[in-house]
$ cat coords-v3.cif   # mmCIF, C-alpha atoms and all ligand atoms
data_protein
#
loop_
_atom_site.label_atom_id
_atom_site.label_comp_id
_atom_site.auth_asym_id
_atom_site.auth_seq_id
_atom_site.Cartn_x
_atom_site.Cartn_y
_atom_site.Cartn_z
CA MET A 1 0.00 0.00 0.00
CA THR A 2 1.40 3.40 -0.83
CA HIS A 3 0.35 6.72 0.51
CA SER A 4 -1.42 7.62 -2.68
CA ASP A 5 -4.05 4.98 -1.90
CA LEU A 6 -5.04 6.97 1.12
CA ALA A 7 -6.04 10.55 1.51
CA LEU A 8 -3.29 12.44 3.28
CA GLU A 9 -5.65 13.64 6.00
CA ASP A 10 -6.23 10.03 7.05
CA LEU A 11 -2.58 9.56 7.89
CA ILE A 12 -0.76 10.52 11.04
CA ALA A 13 3.00 10.73 11.52
CA CYS A 14 4.62 10.44 14.93
CA PRO A 15 6.07 13.89 15.67
CA GLN A 16 8.91 12.34 17.64
CA CYS A 17 10.11 9.55 15.31
CA ASP A 18 8.37 10.08 11.95
CA ALA A 19 6.61 6.66 11.94
CA LEU A 20 3.59 6.77 9.64
CA TYR A 21 0.19 5.35 10.58
CA THR A 22 -3.37 5.39 9.36
CA ALA A 23 -5.17 7.52 11.89
CA ARG A 24 -8.21 5.92 13.43
CA MET A 25 -10.02 7.40 16.38
CA PRO A 26 -9.47 5.00 19.30
CA GLU A 27 -12.36 4.05 21.59
CA ILE A 28 -13.08 6.68 24.24
CA GLY A 29 -10.64 6.17 27.11
CA GLU A 30 -8.17 4.28 24.92
CA ARG A 31 -5.06 5.81 23.49
CA ALA A 32 -3.25 5.42 20.20
CA VAL A 33 0.45 5.10 20.94
CA CYS A 34 3.39 5.07 18.52
CA GLU A 35 4.62 1.47 18.22
CA ARG A 36 8.18 2.55 17.86
CA CYS A 37 8.82 5.31 20.40
CA HIS A 38 5.66 5.09 22.56
CA THR A 39 4.67 8.72 22.08
CA VAL A 40 0.94 9.15 22.72
CA LEU A 41 -0.57 10.18 19.40
CA ILE A 42 -4.32 10.29 20.04
CA ALA A 43 -6.08 10.17 23.41
CA PRO A 44 -9.71 11.24 23.19
CA ARG A 45 -11.81 11.62 26.35
CA ARG A 46 -15.55 11.71 26.74
CA LYS A 47 -16.84 15.28 27.03
CA ALA A 48 -13.24 16.46 27.31
CA GLY A 49 -14.04 19.83 25.76
CA LEU A 50 -16.67 20.74 28.34
CA ARG A 51 -14.54 19.54 31.24
CA ILE A 52 -11.54 21.47 30.04
CA ILE A 53 -13.59 24.63 29.67
CA ALA A 54 -15.01 24.24 33.18
CA LEU A 55 -11.60 23.55 34.71
CA THR A 56 -9.99 26.37 32.79
CA LEU A 57 -12.57 28.88 34.00
CA THR A 58 -11.92 27.68 37.56
CA VAL A 59 -8.19 28.17 37.08
CA LEU A 60 -8.70 31.68 35.72
CA ILE A 61 -10.74 32.65 38.78
CA LEU A 62 -8.20 31.03 41.12
CA VAL A 63 -5.18 32.72 39.55
CA ILE A 64 -6.73 36.16 39.58
CA SER A 65 -7.96 35.90 43.16
CA ALA A 66 -4.68 34.32 44.30
CA LEU A 67 -2.90 37.47 43.16
CA PHE A 68 -4.80 39.61 45.66
CA PHE A 69 -4.48 37.51 48.80
CA PRO A 70 -1.37 36.97 50.93
CA PHE A 71 0.49 33.84 50.00
CA LEU A 72 2.74 33.20 52.94
CA THR A 73 3.15 35.01 56.24
CA ILE A 74 6.11 35.02 58.60
CA HIS A 75 6.49 35.89 62.30
CA VAL A 76 9.75 36.27 64.19
CA GLN A 77 10.16 37.91 67.58
CA GLY A 78 7.29 40.29 67.12
CA PHE A 79 8.22 41.15 63.55
CA ALA A 80 5.88 40.02 60.84
CA ASN A 81 5.70 40.12 57.07
CA GLN A 82 3.54 38.68 54.39
CA ALA A 83 4.13 38.10 50.72
CA SER A 84 1.70 37.84 47.86
CA ILE A 85 2.52 36.04 44.62
CA MET A 86 3.15 39.39 42.98
CA ASP A 87 5.61 40.39 45.75
CA THR A 88 7.43 37.14 45.12
CA ALA A 89 7.59 37.69 41.41
CA SER A 90 8.94 41.20 41.86
CA SER A 91 11.38 40.39 44.65
CA PHE A 92 14.49 40.50 42.53
CA GLY A 93 14.47 44.27 42.53
CA SER A 94 16.23 46.48 40.06
CA GLY A 95 19.01 46.25 37.51
CA ALA A 96 19.81 42.98 35.81
CA LEU A 97 17.81 41.12 38.42
CA LEU A 98 14.70 42.91 37.16
CA LEU A 99 14.94 40.57 34.19
CA LEU A 100 14.61 37.71 36.60
CA SER A 101 11.54 39.33 38.20
CA LEU A 102 9.87 39.54 34.83
CA ALA A 103 10.74 35.94 33.98
CA THR A 104 9.46 34.70 37.35
CA ALA A 105 6.21 36.64 37.01
CA ALA A 106 5.79 35.26 33.50
CA MET A 107 6.49 31.65 34.41
CA ILE A 108 4.30 31.43 37.50
CA VAL A 109 1.39 33.73 36.58
CA LEU A 110 1.29 35.26 33.12
CA ILE A 111 2.07 32.23 30.96
CA PRO A 112 -0.25 29.81 32.81
CA LEU A 113 -2.94 32.49 32.60
CA LEU A 114 -2.35 33.13 28.91
CA ARG A 115 -2.46 29.40 28.14
CA MET A 116 -5.83 29.16 29.87
CA VAL A 117 -7.25 32.06 27.88
CA LEU A 118 -5.97 30.60 24.61
CA VAL A 119 -7.42 27.16 25.35
CA LEU A 120 -10.81 28.73 26.18
CA TYR A 121 -10.69 30.73 22.98
CA VAL A 122 -10.00 27.62 20.89
CA LEU A 123 -12.28 25.11 22.60
CA THR A 124 -15.42 27.14 23.26
CA PRO A 125 -16.60 27.23 19.62
CA ILE A 126 -15.61 23.57 19.10
CA VAL A 127 -17.71 22.44 22.05
CA MET A 128 -20.64 24.58 20.93
CA ASN A 129 -20.37 23.29 17.36
CA LEU A 130 -19.68 26.75 16.03
CA PRO A 131 -17.06 27.68 13.44
CA PRO A 132 -13.71 28.47 15.12
CA TYR A 133 -12.92 32.04 16.08
CA ALA A 134 -10.44 34.02 14.02
CA HIS A 135 -6.84 32.84 14.36
CA ALA A 136 -7.88 29.84 16.44
CA ARG A 137 -5.06 27.82 14.88
CA HIS A 138 -2.44 30.36 15.90
CA ALA A 139 -3.92 30.51 19.36
CA PHE A 140 -3.77 26.75 19.78
CA ARG A 141 -0.24 26.57 18.42
CA LEU A 142 0.88 29.26 20.85
CA SER A 143 -0.76 27.49 23.78
CA GLN A 144 1.18 24.33 22.90
CA GLU A 145 4.46 26.17 22.48
CA LEU A 146 4.06 27.86 25.86
CA LYS A 147 3.46 24.64 27.75
CA PRO A 148 7.05 24.00 28.94
CA TRP A 149 7.32 27.60 30.17
CA ALA A 150 4.29 27.45 32.47
CA MET A 151 5.90 26.50 35.76
CA ALA A 152 3.19 26.89 38.40
CA GLU A 153 3.74 23.38 39.73
CA ILE A 154 7.48 23.92 40.09
CA PHE A 155 6.79 27.11 42.00
CA ALA A 156 4.51 25.16 44.35
CA ILE A 157 7.32 22.73 45.20
CA GLY A 158 9.63 25.75 45.60
CA CYS A 159 7.26 27.03 48.31
CA ALA A 160 7.59 23.79 50.24
CA VAL A 161 11.38 23.96 50.04
CA ALA A 162 11.42 27.63 51.13
CA LEU A 163 9.21 26.83 54.11
CA VAL A 164 11.57 24.15 55.38
CA LYS A 165 14.51 26.47 54.86
CA VAL A 166 13.17 29.18 57.17
CA ALA A 167 11.15 26.98 59.51
CA SER A 168 13.98 26.90 62.06
CA LEU A 169 14.25 30.66 62.41
CA ALA A 170 10.64 31.80 62.08
CA SER A 171 7.05 30.64 62.21
CA ILE A 172 5.38 30.50 58.83
CA GLY A 173 1.70 30.72 58.03
CA PHE A 174 -0.17 29.93 54.84
CA GLY A 175 -2.36 32.64 53.39
CA PRO A 176 -5.53 31.93 51.37
CA ALA A 177 -3.60 32.40 48.13
CA PHE A 178 -1.42 29.43 48.99
CA TRP A 179 -4.40 27.06 48.98
CA MET A 180 -5.81 28.60 45.83
CA PHE A 181 -2.49 28.12 44.14
CA SER A 182 -2.22 24.49 45.26
CA ALA A 183 -5.69 23.73 43.86
CA LEU A 184 -4.71 25.43 40.64
CA VAL A 185 -1.65 23.23 40.19
CA VAL A 186 -3.74 20.07 40.47
CA ILE A 187 -6.38 21.37 38.05
CA VAL A 188 -3.76 22.36 35.47
CA LEU A 189 -2.34 18.83 35.57
CA PHE A 190 -5.82 17.33 34.99
CA ASN A 191 -6.50 19.81 32.23
CA ASP A 192 -3.42 18.79 30.27
CA MET A 193 -4.40 15.13 30.71
CA TYR A 194 -7.82 15.75 29.17
CA LEU A 195 -6.58 17.72 26.22
CA CYS A 196 -5.98 15.60 23.10
CA ASN A 197 -4.03 17.79 20.70
CA TRP A 198 -4.78 15.68 17.67
CA SER A 199 -8.54 15.80 18.24
CA VAL A 200 -8.41 19.58 18.55
CA TRP A 201 -6.39 19.95 15.35
CA LYS A 202 -8.77 17.61 13.59
CA SER A 203 -11.81 19.66 14.55
CA LEU A 204 -10.10 22.93 13.67
CA GLU A 205 -9.42 21.48 10.23
CA THR A 206 -12.87 20.14 9.45
CA ASP A 207 -14.56 23.28 10.69
CA GLU A 208 -12.51 25.51 8.47
CA SER A 209 -12.79 23.57 5.25
CA MET B 1 -4.33 2.62 14.95
CA GLU B 2 -3.12 0.59 12.00
CA ILE B 3 0.30 0.35 10.55
CA THR B 4 0.45 1.26 6.91
CA GLY B 5 1.41 -1.80 4.89
CA ASN B 6 3.17 -4.71 6.58
CA ARG B 7 4.71 -4.94 10.05
CA ARG B 8 7.78 -2.90 9.16
CA ILE B 9 7.31 0.64 10.29
CA LEU B 10 7.28 3.02 7.39
CA THR B 11 8.35 6.58 8.06
CA ALA B 12 6.72 9.60 6.54
CA ARG B 13 9.99 10.40 4.80
CA GLU B 14 10.21 6.94 3.19
CA ALA B 15 6.66 7.39 1.95
CA GLY B 16 7.66 10.64 0.28
CA LEU B 17 5.85 12.73 2.84
CA VAL B 18 6.84 15.40 5.28
CA ALA B 19 5.28 15.34 8.73
CA CYS B 20 4.26 18.32 10.82
CA ARG B 21 5.90 17.99 14.23
CA ARG B 22 3.25 20.14 15.84
CA CYS B 23 -0.02 18.62 14.68
CA ALA B 24 1.11 15.26 13.19
CA ARG B 25 -0.50 15.95 9.79
CA VAL B 26 1.45 14.78 6.72
CA TRP B 27 2.01 16.64 3.44
CA PRO B 28 3.71 15.80 0.14
CA MET B 29 7.51 16.13 0.37
CA GLY B 30 8.56 19.67 -0.44
CA THR B 31 5.66 21.39 1.30
CA THR B 32 7.14 24.16 3.45
CA GLU B 33 4.25 25.14 5.69
CA CYS B 34 1.65 22.99 7.39
CA GLY B 35 -1.76 23.82 5.98
CA ARG B 36 -3.48 22.82 9.19
CA CYS B 37 -1.50 24.47 11.98
CA GLY B 38 0.82 26.79 10.07
CA ALA B 39 4.07 25.34 11.45
CA ARG B 40 7.21 25.31 9.32
CA LEU B 41 7.80 21.88 7.76
CA GLN B 42 11.12 20.11 7.35
CA SER B 43 11.51 16.40 6.86
CA ARG B 44 14.62 16.52 9.05
CA ASP B 45 15.68 19.73 10.70
CA THR B 46 19.29 19.65 9.55
CA GLY B 47 20.15 23.01 11.07
CA SER B 48 18.90 21.91 14.47
CA LEU B 49 22.22 20.55 15.72
CA GLY B 50 23.86 23.94 15.22
CA ARG B 51 21.22 25.56 17.41
CA VAL B 52 21.47 22.74 19.95
CA TRP B 53 25.23 23.28 20.34
CA ALA B 54 25.04 27.08 20.40
CA LEU B 55 22.46 27.05 23.19
CA TRP B 56 24.32 24.24 24.98
CA ILE B 57 27.50 26.35 25.09
CA ALA B 58 25.58 29.45 26.21
CA GLY B 59 23.96 27.40 28.98
CA LEU B 60 27.29 26.02 30.14
CA ILE B 61 28.88 29.48 30.20
CA CYS B 62 26.03 30.76 32.39
CA TYR B 63 26.25 27.75 34.68
CA ILE B 64 29.84 28.55 35.75
CA PRO B 65 29.17 31.95 37.43
CA ALA B 66 25.94 30.48 38.80
CA ASN B 67 28.05 28.20 40.96
CA ILE B 68 30.76 30.71 41.90
CA TYR B 69 28.70 33.75 42.89
CA PRO B 70 26.21 33.82 45.79
CA MET B 71 22.62 32.77 45.21
CA LEU B 72 21.31 34.16 48.50
CA VAL B 73 22.48 37.04 50.69
CA THR B 74 21.19 36.79 54.25
CA GLN B 75 21.41 39.81 56.56
CA THR B 76 20.77 39.53 60.28
CA LEU B 77 21.45 41.88 63.20
CA LEU B 78 24.88 40.40 63.66
CA ASP B 79 26.21 39.68 60.24
CA THR B 80 25.75 39.28 56.51
CA SER B 81 26.26 35.87 54.94
CA LYS B 82 26.35 34.90 51.33
CA SER B 83 25.71 31.39 50.17
CA THR B 84 26.29 29.73 46.84
CA ILE B 85 24.11 26.91 45.51
CA VAL B 86 26.28 24.14 46.91
CA GLY B 87 27.19 26.17 50.03
CA GLY B 88 23.50 26.68 50.80
CA ALA B 89 22.81 22.98 50.47
CA VAL B 90 25.74 22.14 52.75
CA ASP B 91 24.37 24.59 55.36
CA LEU B 92 21.01 22.83 55.18
CA LEU B 93 22.74 19.50 55.74
CA HIS B 94 24.39 20.90 58.90
CA HIS B 95 21.01 22.06 60.14
CA GLY B 96 19.64 18.56 59.61
CA ALA B 97 17.31 19.42 56.71
CA VAL B 98 18.61 16.51 54.65
CA GLY B 99 15.53 16.19 52.43
CA VAL B 100 15.58 19.81 51.30
CA ALA B 101 19.35 19.77 50.80
CA VAL B 102 18.94 16.75 48.55
CA ILE B 103 16.15 18.44 46.55
CA ILE B 104 18.34 21.53 46.00
CA LEU B 105 21.39 19.47 45.05
CA VAL B 106 19.40 17.30 42.63
CA ALA B 107 17.61 20.26 41.00
CA SER B 108 20.58 22.63 40.84
CA VAL B 109 23.57 20.34 40.34
CA LEU B 110 22.62 16.81 39.33
CA ILE B 111 19.90 17.72 36.79
CA PRO B 112 21.86 20.53 35.05
CA MET B 113 25.06 18.47 34.87
CA GLY B 114 23.17 15.41 33.68
CA LYS B 115 21.42 17.56 31.09
CA PHE B 116 24.67 18.98 29.70
CA LEU B 117 26.13 15.49 29.39
CA ALA B 118 22.96 13.95 27.93
CA ILE B 119 22.42 16.65 25.29
CA ALA B 120 26.09 16.52 24.26
CA TYR B 121 25.97 12.74 24.03
CA LEU B 122 22.77 12.79 21.95
CA ALA B 123 24.10 15.45 19.59
CA LEU B 124 27.38 13.58 19.10
CA SER B 125 25.52 10.32 18.52
CA VAL B 126 23.72 11.87 15.55
CA HIS B 127 27.11 12.72 13.99
CA ARG B 128 28.96 9.54 14.85
CA GLY B 129 26.43 6.86 15.69
CA SER B 130 26.08 5.26 19.08
CA ASN B 131 26.11 1.96 20.93
CA LEU B 132 22.73 2.78 22.37
CA SER B 133 19.67 1.80 20.35
CA SER B 134 17.42 4.50 18.90
CA GLY B 135 14.79 3.62 21.47
CA ARG B 136 17.22 4.13 24.36
CA ARG B 137 18.44 7.44 23.02
CA HIS B 138 14.86 8.53 22.53
CA HIS B 139 14.22 7.68 26.17
CA VAL B 140 17.17 9.80 27.29
CA TYR B 141 15.86 12.66 25.16
CA GLU B 142 12.39 12.45 26.69
CA MET B 143 13.90 12.48 30.18
CA VAL B 144 15.94 15.59 29.35
CA GLU B 145 12.87 17.38 28.01
CA PHE B 146 10.70 16.40 30.96
CA ILE B 147 13.10 17.04 33.79
CA GLY B 148 14.88 20.21 32.61
CA ARG B 149 12.24 22.67 33.82
CA TRP B 150 12.53 21.42 37.39
CA SER B 151 15.91 23.11 37.78
CA MET B 152 14.02 26.40 38.14
CA ILE B 153 13.03 25.32 41.63
CA ASP B 154 16.03 26.96 43.30
CA VAL B 155 15.39 30.27 41.53
CA PHE B 156 11.81 30.23 42.80
CA VAL B 157 12.98 29.41 46.32
CA VAL B 158 15.24 32.47 46.21
CA ALA B 159 12.32 34.58 44.97
CA ILE B 160 10.01 33.35 47.72
CA LEU B 161 12.59 33.82 50.49
CA SER B 162 13.58 37.31 49.35
CA SER B 163 9.99 38.50 49.30
CA LEU B 164 8.99 36.80 52.55
CA VAL B 165 12.00 37.35 54.79
CA GLN B 166 12.01 41.15 55.02
CA LEU B 167 11.86 41.68 58.77
CA SER B 168 13.23 45.14 59.31
CA VAL B 169 16.67 44.91 60.95
CA VAL B 170 16.19 41.43 62.41
CA ALA B 171 16.61 39.47 59.23
CA SER B 172 16.36 39.98 55.51
CA ILE B 173 17.20 37.87 52.50
CA HIS B 174 18.20 39.17 49.07
CA PRO B 175 18.94 37.37 45.82
CA GLY B 176 22.54 37.18 44.66
CA PRO B 177 23.83 37.50 41.11
CA ALA B 178 23.95 33.72 40.70
CA ALA B 179 20.14 33.62 40.65
CA LEU B 180 20.15 35.41 37.30
CA THR B 181 22.90 33.39 35.62
CA PHE B 182 21.43 30.15 36.92
CA ALA B 183 17.99 31.00 35.49
CA LEU B 184 19.62 31.92 32.16
CA SER B 185 21.45 28.61 32.15
CA VAL B 186 18.19 26.70 32.70
CA VAL B 187 16.46 28.62 29.91
CA CYS B 188 19.35 28.00 27.48
CA THR B 189 19.43 24.26 28.15
CA MET B 190 15.64 24.02 27.82
CA LEU B 191 15.84 25.77 24.45
CA SER B 192 18.77 23.57 23.47
CA ALA B 193 16.79 20.39 24.17
CA GLN B 194 13.74 21.79 22.36
CA SER B 195 15.84 22.49 19.27
CA PHE B 196 16.65 18.82 18.89
CA ASP B 197 14.93 17.03 16.03
CA SER B 198 14.41 13.65 17.70
CA ARG B 199 13.52 11.99 14.38
CA MET B 200 17.24 11.92 13.60
CA PHE B 201 17.78 9.19 16.22
CA TRP B 202 15.63 6.82 14.22
CA ASP B 203 16.99 7.39 10.74
CA GLU B 204 19.91 4.99 11.05
CA ASP B 205 17.43 2.19 11.84
CA ALA B 206 15.89 2.45 8.42
CA PRO B 207 18.61 0.85 6.21
CA GLN B 208 19.05 -2.13 8.55
CA ARG B 209 15.36 -2.84 8.57
CA LYS B 210 15.25 -3.02 4.83
CA LEU B 211 17.52 -6.11 4.77
ZN ZN A 301 7.00 7.59 17.35
#

$ encode --input "coords-v3.cif" --output "C-alpha cells" --more "lines below"
Ligand SMILES: [Zn+2]
Amino acid sequence: MTHSDLALEDLIACPQCDALYTARMPEIGERAVCERCHTVLIAPRRKAGLRIIALTLTVLILVISALFFPFLTIHVQGFANQASIMDTASSFGSGALLLLSLATAAMIVLIPLLRMVLVLYVLTPIVMNLPPYAHARHAFRLSQELKPWAMAEIFAIGCAVALVKVASLASIGFGPAFWMFSALVVIVLFNDMYLCNWSVWKSLETDES
Amino acid sequence: MEITGNRRILTAREAGLVACRRCARVWPMGTTECGRCGARLQSRDTGSLGRVWALWIAGLICYIPANIYPMLVTQTLLDTSKSTIVGGAVDLLHHGAVGVAVIILVASVLIPMGKFLAIAYLALSVHRGSNLSSGRRHHVYEMVEFIGRWSMIDVFVVAILSSLVQLSVVASIHPGPAALTFALSVVCTMLSAQSFDSRMFWDEDAPQRKL
C-alpha cells in the first residue's frame, strides 16, 4: 500500500520519530500510541471539551484571586511580614535582576494564565459546534508552544522547600492564596491530561474547510 | 491505529511525505508550511544541531558563574552571609534538613550536569552513531525534556525567600547575582533540548530494517 491509496488527511506521523500510521479514532478512554517510540498520538476523552472549559474557568478565577491575597506570612520575635505572589515575582528588585523578576512573574502567573485564555478561545466554539474564532489555529499553536514555560507546579514545590529552609528561624503561616495556588496546580495537571491535541487539530481542520 | 502496509514501520519520509511535528498531519515532500497548523515543515531539521550546540555552550557558560557567585544574601542583626548553591545545600545538611538539601542538590547540580552530558551525548551520537539503540536514546531525550524545567526550583525558592524574609533589621534575605545566571542557564538548556529534532535518532534504523 502506498500513501497515494489513502487521503493524506487520514494519515498521522509520529512527531517524535516520523513513523507513519493510518489515523483511526481510538475508543473513548483508549489511546493510540506510537509502536516505535511510545509517544501518545491520540487520546480522546468523553466530554473532554466541556470539562476542560469548566476547569480552565476555575483556574482563571483562582489565579486572579490568588494574586490579591497573601500567599505566605512570617512571624519572628514580634516582627511580621507577608508576601503575595506578585511580591514574590517582583522580589528580585532592580538592575539585571529585574529581568529575573519579569521571567518569574511570567512563568508562575502570566504564561499559565495566557495558556488558559488561549485554550478557552480555541475550545469554546468547538464544544458549541460553532465555526472556530479568528486565528484559532495560531492561538492553539501558541498554547502548545508555551506549555514548557508554564511553571506553576514547580513554583509550588519551591514554596515547600522555602518553608523548610526558614522553619527553624521563624514561624510561617499559609495565606488563602497558597491554597488557591495548590488547587490550581492540580487542576492544570488534569486539564493537560484531558486535552488531546490531535482531536483539537482535527476539529479545527474540518470546521474551516 | 493501523500500521500502513506490513509490520515494518514506514516513516513519513520513506513514503515521500513530510510530517508536521506540531499537529502530526502529513504533506507531500517539499511542502514548506503545514496547511493545518501553520508550522514550518522540514523532513529533518538539519540546522537543528547547530542551534542545539550554540544554546548548549551558552547554557554552560552561564552555569559557571551560577556556581561561583552567591545565590542568596542573608542579613541579620549580627552579620551578613552569602551562600552559593552548593554552600546553601551544605548549610542545610548541617542544620539537619537533609531532604531539602537533597532536593536543592538534585535540582541545581545533578539535573543541570546530567542535562549537559545527555544533550552533548545525543548530539554527538547523531554525527557519529552510538552503541545505544534508537529507542534508548529517545528515552534519554524524553527524560531531558521532561526534567529540565525542574531546575528552576532553586530560583523560585530564592524569589520566595527574598519576598517573605524582610523583617526590618532582624533578618532579611536578598537574591545574589547567581540567581540570574542560573535562570539563564536553565532557559538556554531548555531551548537547546527543544531544538533537537528527535527523528534523527531513528533514521539509522531504516537501512538495517530493509535487509
Ligand atoms: Zn514515534

$ residues_near_point --input "coords-v3.cif" --point "(13.7, 24.5, 61.4)" --cutoff "12 Å" --atoms "only C-alpha atoms" --output "list in words"
Val161, Ala162, Leu163, Val164, Lys165, Val166, Ala167, Ser168, Leu169, Ala170, Ser171 and Ile172 of chain A; Leu92, Leu93, His94, His95, Gly96, Ala97, Val98 and Val100 of chain B

$ closest_residue --input "coords-v3.cif" --among "A:Ala156, A:Ile28, A:Ile61, A:Ile53" --to "chain B" --atoms "all atoms listed in the file"
A:Ala156

$ atom_distance --input "coords-v3.cif" --atom1 "atom CA of Met193 of chain A" --atom2 "atom CA of Ala134 of chain A"
25.9 Å

$ residues_near_ligand --input "coords-v3.cif" --ligand "ligand ZN 301 (chain A)" --cutoff "8 Å" --atoms "all atoms listed in the file" --output "list of chain:residue names"
A:Ala13, A:Cys14, A:Pro15, A:Gln16, A:Cys17, A:Asp18, A:Ala19, A:Val33, A:Cys34, A:Glu35, A:Arg36, A:Cys37, A:His38, A:Thr39

$ interface_residues --input "coords-v3.cif" --of "chain A" --to "chain B" --cutoff "7 Å" --atoms "all atoms listed in the file" --output "PyMOL selection string"
chain A and resi 1+3+8-9+11-24+32+37+74+79-83+87-89+91-92+97+100+137+141+154-155+158-159+161-162+198+201+205

$ atom_distance --input "coords-v3.cif" --atom1 "atom CA of Arg115 of chain A" --atom2 "atom CA of Val140 of chain B"
27.8 Å

$ residues_around --input "coords-v3.cif" --residues "Thr80 of chain B" --least-positions-apart "6" --cutoff "10 Å" --atoms "all atoms listed in the file" --output "number ranges by chain"
B: 73-74, 171-173

$ atom_distance --input "coords-v3.cif" --atom1 "atom CA of Ile119 of chain B" --atom2 "atom CA of Leu132 of chain B"
14.2 Å

$ build_atoms --input "coords-v3.cif" --residues "segment 156-162 of chain B" --atoms "all heavy atoms" --output "short mmCIF file (atom, residue, chain, number, x, y, z; two decimals), in the frame of the given file"
data_model
loop_
_atom_site.label_atom_id
_atom_site.label_comp_id
_atom_site.auth_asym_id
_atom_site.auth_seq_id
_atom_site.Cartn_x
_atom_site.Cartn_y
_atom_site.Cartn_z
N PHE B 156 13.07 29.88 42.15
CA PHE B 156 11.81 30.23 42.80
C PHE B 156 11.96 30.29 44.32
O PHE B 156 11.37 31.16 44.97
CB PHE B 156 10.71 29.24 42.41
CG PHE B 156 10.31 29.33 40.96
CD1 PHE B 156 9.85 28.22 40.28
CD2 PHE B 156 10.40 30.53 40.27
CE1 PHE B 156 9.48 28.30 38.94
CE2 PHE B 156 10.04 30.62 38.95
CZ PHE B 156 9.57 29.51 38.27
N VAL B 157 12.75 29.38 44.86
CA VAL B 157 12.98 29.41 46.32
C VAL B 157 13.61 30.74 46.70
O VAL B 157 13.20 31.38 47.68
CB VAL B 157 13.88 28.22 46.75
CG1 VAL B 157 14.32 28.39 48.20
CG2 VAL B 157 13.14 26.91 46.58
N VAL B 158 14.60 31.18 45.94
CA VAL B 158 15.24 32.47 46.21
C VAL B 158 14.21 33.60 46.13
O VAL B 158 14.18 34.49 46.98
CB VAL B 158 16.40 32.70 45.21
CG1 VAL B 158 16.94 34.12 45.34
CG2 VAL B 158 17.51 31.69 45.44
N ALA B 159 13.34 33.55 45.13
CA ALA B 159 12.32 34.58 44.97
C ALA B 159 11.38 34.61 46.18
O ALA B 159 11.06 35.67 46.72
CB ALA B 159 11.52 34.35 43.69
N ILE B 160 10.95 33.42 46.60
CA ILE B 160 10.01 33.35 47.72
C ILE B 160 10.68 33.86 49.00
O ILE B 160 10.12 34.70 49.72
CB ILE B 160 9.53 31.90 47.93
CG1 ILE B 160 8.71 31.44 46.72
CG2 ILE B 160 8.71 31.77 49.20
CD1 ILE B 160 8.59 29.94 46.60
N LEU B 161 11.90 33.40 49.27
CA LEU B 161 12.59 33.82 50.49
C LEU B 161 12.84 35.32 50.48
O LEU B 161 12.65 35.99 51.49
CB LEU B 161 13.91 33.07 50.63
CG LEU B 161 13.79 31.58 50.96
CD1 LEU B 161 15.16 30.95 51.07
CD2 LEU B 161 13.00 31.37 52.25
N SER B 162 13.26 35.88 49.34
CA SER B 162 13.58 37.31 49.35
C SER B 162 12.35 38.18 49.49
O SER B 162 12.45 39.31 49.92
CB SER B 162 14.39 37.75 48.13
OG SER B 162 14.76 36.71 47.35
#
